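To start, the structure itself, in structure tokens.
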Amino acid sequence: MNAQELMTRAIDAGASDLHLNPGRPPVGRVDGKLVPLVEEELTDTQAASLCRELCDDKHWAELESVGTTDIGLAHPSGTRFRVSCMVQRGRHTAILRLIPNTLLTFDQLGLPDSVQELLRRPRGLILVTGPTGSGKSTTLATMIDWINGSSDRHIVTIEDPIEFYHSHKQGLVTQREVGSDVPDFVEAMRRVLRQDPDVILVGELRDLETIEAAISAAETGHVVFGTLHTNSAQGTVNRIIDAFPGNLQDQIRTQLSTTLIGVLAQTLLPKISGGRCAAYETLVVTPGVANLIRENKTFRINSAIQTGAKFGMNLMDDSLFNHWVEERVSMEDVLGKSQDPDSLAKRIANARRAILEDQEEEEEEFEPGQ
């Protein structure tokens with residue numbers, strides 16, 4: 001079975017990822033679970049052959065010399081894949097992430113209304129964070145599409161690899177792929193300000209130079225989007241600051257307090273009815289939050305989010321609790337993603353107790369003879 005046939009099976013199964021590992025059958029991640037797509041295990045030779053099929057000559061040479069390579073591929077159906085081929089224990093392996101054909105709307109993603117307000121800002125840094133596979137790329141693509149369709153701004157994306165293709169709408173979109181259009185993120189960010197951008201998407205803030213360039217671009221009057229593998233808004237701010245040497249951290253706190261306008265942390269959970277849904281933590285940087293960042297009091301950001309509902313802020317555990325209340329997600333899955341499982345478990349127990357008391361009161365009201 002060739003790579004294209006396996007990609008077709010992954011698409012038909014509704015998988016989010018396809019894993020090609022020697023010693024195991026090809027596996028798809030369906031609703032968060034790993035499901036074999038065929039019965040036969042892959043041999044070392046078959047896995048290497050599949051990787052060679054997925055790579056052009058340039059990416060194959062990189063895989064052979066460096067041990068890993070990233071590729072963007074299109075299936076004949078139009079579905080795009082983000083492919084990571086690697087060598088592990090001397091054996092070839094590939095993981096393919098399926099990228100949806102159609103861009104989703106804010107409502108379909110369940111994005112908070114406050115996010116749309118952030119996108120209307122003329123300048124500033126917006127960070128979308130979460131673990132690998134939490135849907136950050138899909139969220140960013142939806143945000144870029146919304147800006148593209150609602151304003152005449154020039155959007156430049158720097159991606160490794162390009163995942164969602166954007167066509168020009170009311171705005172203009174320029175998409176640059178690291179490795180083919182430009183050598184690396186740092187070089188792309190160095191050049192981008194000469195390209196008359198209004199909005200800049202940096203696929204990932206991987207290193208100090210890229211973080212510095214993103215903050216500088218936001219300071220000079222652009223909207224800049226970036227991603228980090230952090231699980232909370234508070235953790236995201238700390239991660240950015242900690243990336244800098246100690247003697248520069250006071251300066252970066254000041255810069256970040258004036259440039260950061262919002263953080264959206266997200267995670268995906270399996271729905272009871274099938275499929276998955278996202279839970280979000282939203283930080284809107286108000287003057288009060290900016291002061292916490294500037295004064296090195298980031299440990300109080302969670303409290304600021306908790307009391308900032310009127311600004312569109314909410315904690316991850318509040319979003320998880322709401323999913324449980326709406327019976328979309330099981331208690332076990334909600335607690336598994338919680339940042340404070342003990343507190344959330346108590347909150348769920350109290351809610352259950354209240355529900356039972358209400359049911360008992362209703363039964364007493366309607367007892368015969370009353």
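We label chains A, B, ... in the order they appear in the structure tokens, count residues from 1 in each chain, and number ligands from 1 in the order shown.
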Looking only at alpha helix (DSSP H) from DSSP on the backbone, list the matching residues of segment 22-164 of chain A as a ChimeraX atom specification. /A:44-54,57-66,106-109,113-119,136-150
Store the residues picked out above, limited to C-alpha atoms, as a PDB file, in the first residue's frame.
ATOM      1  CA  ASP A  44      11.503  -1.189   8.209  1.00  0.00           C
ATOM      2  CA  THR A  45      11.817  -1.322   4.422  1.00  0.00           C
ATOM      3  CA  GLN A  46       8.174  -0.345   3.864  1.00  0.00           C
ATOM      4  CA  ALA A  47       8.409   2.576   6.313  1.00  0.00           C
ATOM      5  CA  ALA A  48      11.576   3.863   4.605  1.00  0.00           C
ATOM      6  CA  SER A  49       9.903   3.485   1.201  1.00  0.00           C
ATOM      7  CA  LEU A  50       6.853   5.472   2.379  1.00  0.00           C
ATOM      8  CA  CYS A  51       9.099   8.271   3.690  1.00  0.00           C
ATOM      9  CA  ARG A  52      10.947   8.366   0.367  1.00  0.00           C
ATOM     10  CA  GLU A  53       7.602   8.596  -1.436  1.00  0.00           C
ATOM     11  CA  LEU A  54       6.522  11.536   0.742  1.00  0.00           C
ATOM     12  CA  ASP A  57      14.864  15.039  -3.430  1.00  0.00           C
ATOM     13  CA  LYS A  58      15.609  18.107  -1.318  1.00  0.00           C
ATOM     14  CA  HIS A  59      13.636  16.941   1.733  1.00  0.00           C
ATOM     15  CA  TRP A  60      15.001  13.379   1.394  1.00  0.00           C
ATOM     16  CA  ALA A  61      18.551  14.756   1.462  1.00  0.00           C
ATOM     17  CA  GLU A  62      17.673  16.752   4.600  1.00  0.00           C
ATOM     18  CA  LEU A  63      16.162  13.654   6.236  1.00  0.00           C
ATOM     19  CA  GLU A  64      19.268  11.610   5.462  1.00  0.00           C
ATOM     20  CA  SER A  65      21.699  14.277   6.680  1.00  0.00           C
ATOM     21  CA  VAL A  66      19.825  15.826   9.648  1.00  0.00           C
ATOM     22  CA  PHE A 106     -15.607  31.574  14.933  1.00  0.00           C
ATOM     23  CA  ASP A 107     -18.889  29.894  15.904  1.00  0.00           C
ATOM     24  CA  GLN A 108     -17.796  26.478  14.612  1.00  0.00           C
ATOM     25  CA  LEU A 109     -14.609  26.698  16.670  1.00  0.00           C
ATOM     26  CA  ASP A 113     -16.359  36.923  21.230  1.00  0.00           C
ATOM     27  CA  SER A 114     -13.486  38.848  22.826  1.00  0.00           C
ATOM     28  CA  VAL A 115     -11.084  37.354  20.265  1.00  0.00           C
ATOM     29  CA  GLN A 116     -12.845  39.179  17.444  1.00  0.00           C
ATOM     30  CA  GLU A 117     -12.390  42.439  19.333  1.00  0.00           C
ATOM     31  CA  LEU A 118      -8.635  41.774  19.573  1.00  0.00           C
ATOM     32  CA  LEU A 119      -8.470  41.269  15.792  1.00  0.00           C
ATOM     33  CA  LYS A 136      -3.596  26.229  17.110  1.00  0.00           C
ATOM     34  CA  SER A 137      -3.050  26.247  13.333  1.00  0.00           C
ATOM     35  CA  THR A 138      -6.784  25.952  12.669  1.00  0.00           C
ATOM     36  CA  THR A 139      -7.540  28.824  15.060  1.00  0.00           C
ATOM     37  CA  LEU A 140      -4.878  31.042  13.482  1.00  0.00           C
ATOM     38  CA  ALA A 141      -6.143  30.247   9.976  1.00  0.00           C
ATOM     39  CA  THR A 142      -9.676  31.250  11.024  1.00  0.00           C
ATOM     40  CA  MET A 143      -8.358  34.527  12.492  1.00  0.00           C
ATOM     41  CA  ILE A 144      -6.340  35.322   9.352  1.00  0.00           C
ATOM     42  CA  ASP A 145      -9.335  34.500   7.132  1.00  0.00           C
ATOM     43  CA  TRP A 146     -11.560  36.812   9.216  1.00  0.00           C
ATOM     44  CA  ILE A 147      -9.114  39.714   8.872  1.00  0.00           C
ATOM     45  CA  ASN A 148      -8.656  38.957   5.167  1.00  0.00           C
ATOM     46  CA  GLY A 149     -12.414  39.010   4.575  1.00  0.00           C
ATOM     47  CA  SER A 150     -13.253  42.063   6.691  1.00  0.00           C
TER      48      SER A 150
END
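Coordinates place atom CA of Ala218 of chain A at a distance of 18.5 Å from atom CA of Asn238 of chain A.
Separating atom CA of Ile252 of chain A from atom CA of Val237 of chain A is a distance of 10.6 Å.
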Residue list (strand (DSSP E), DSSP) for segment 112-241 of chain A, as an MDAnalysis selection string: chainID A and resid 124:129 154:159 172:177 199:202 223:228
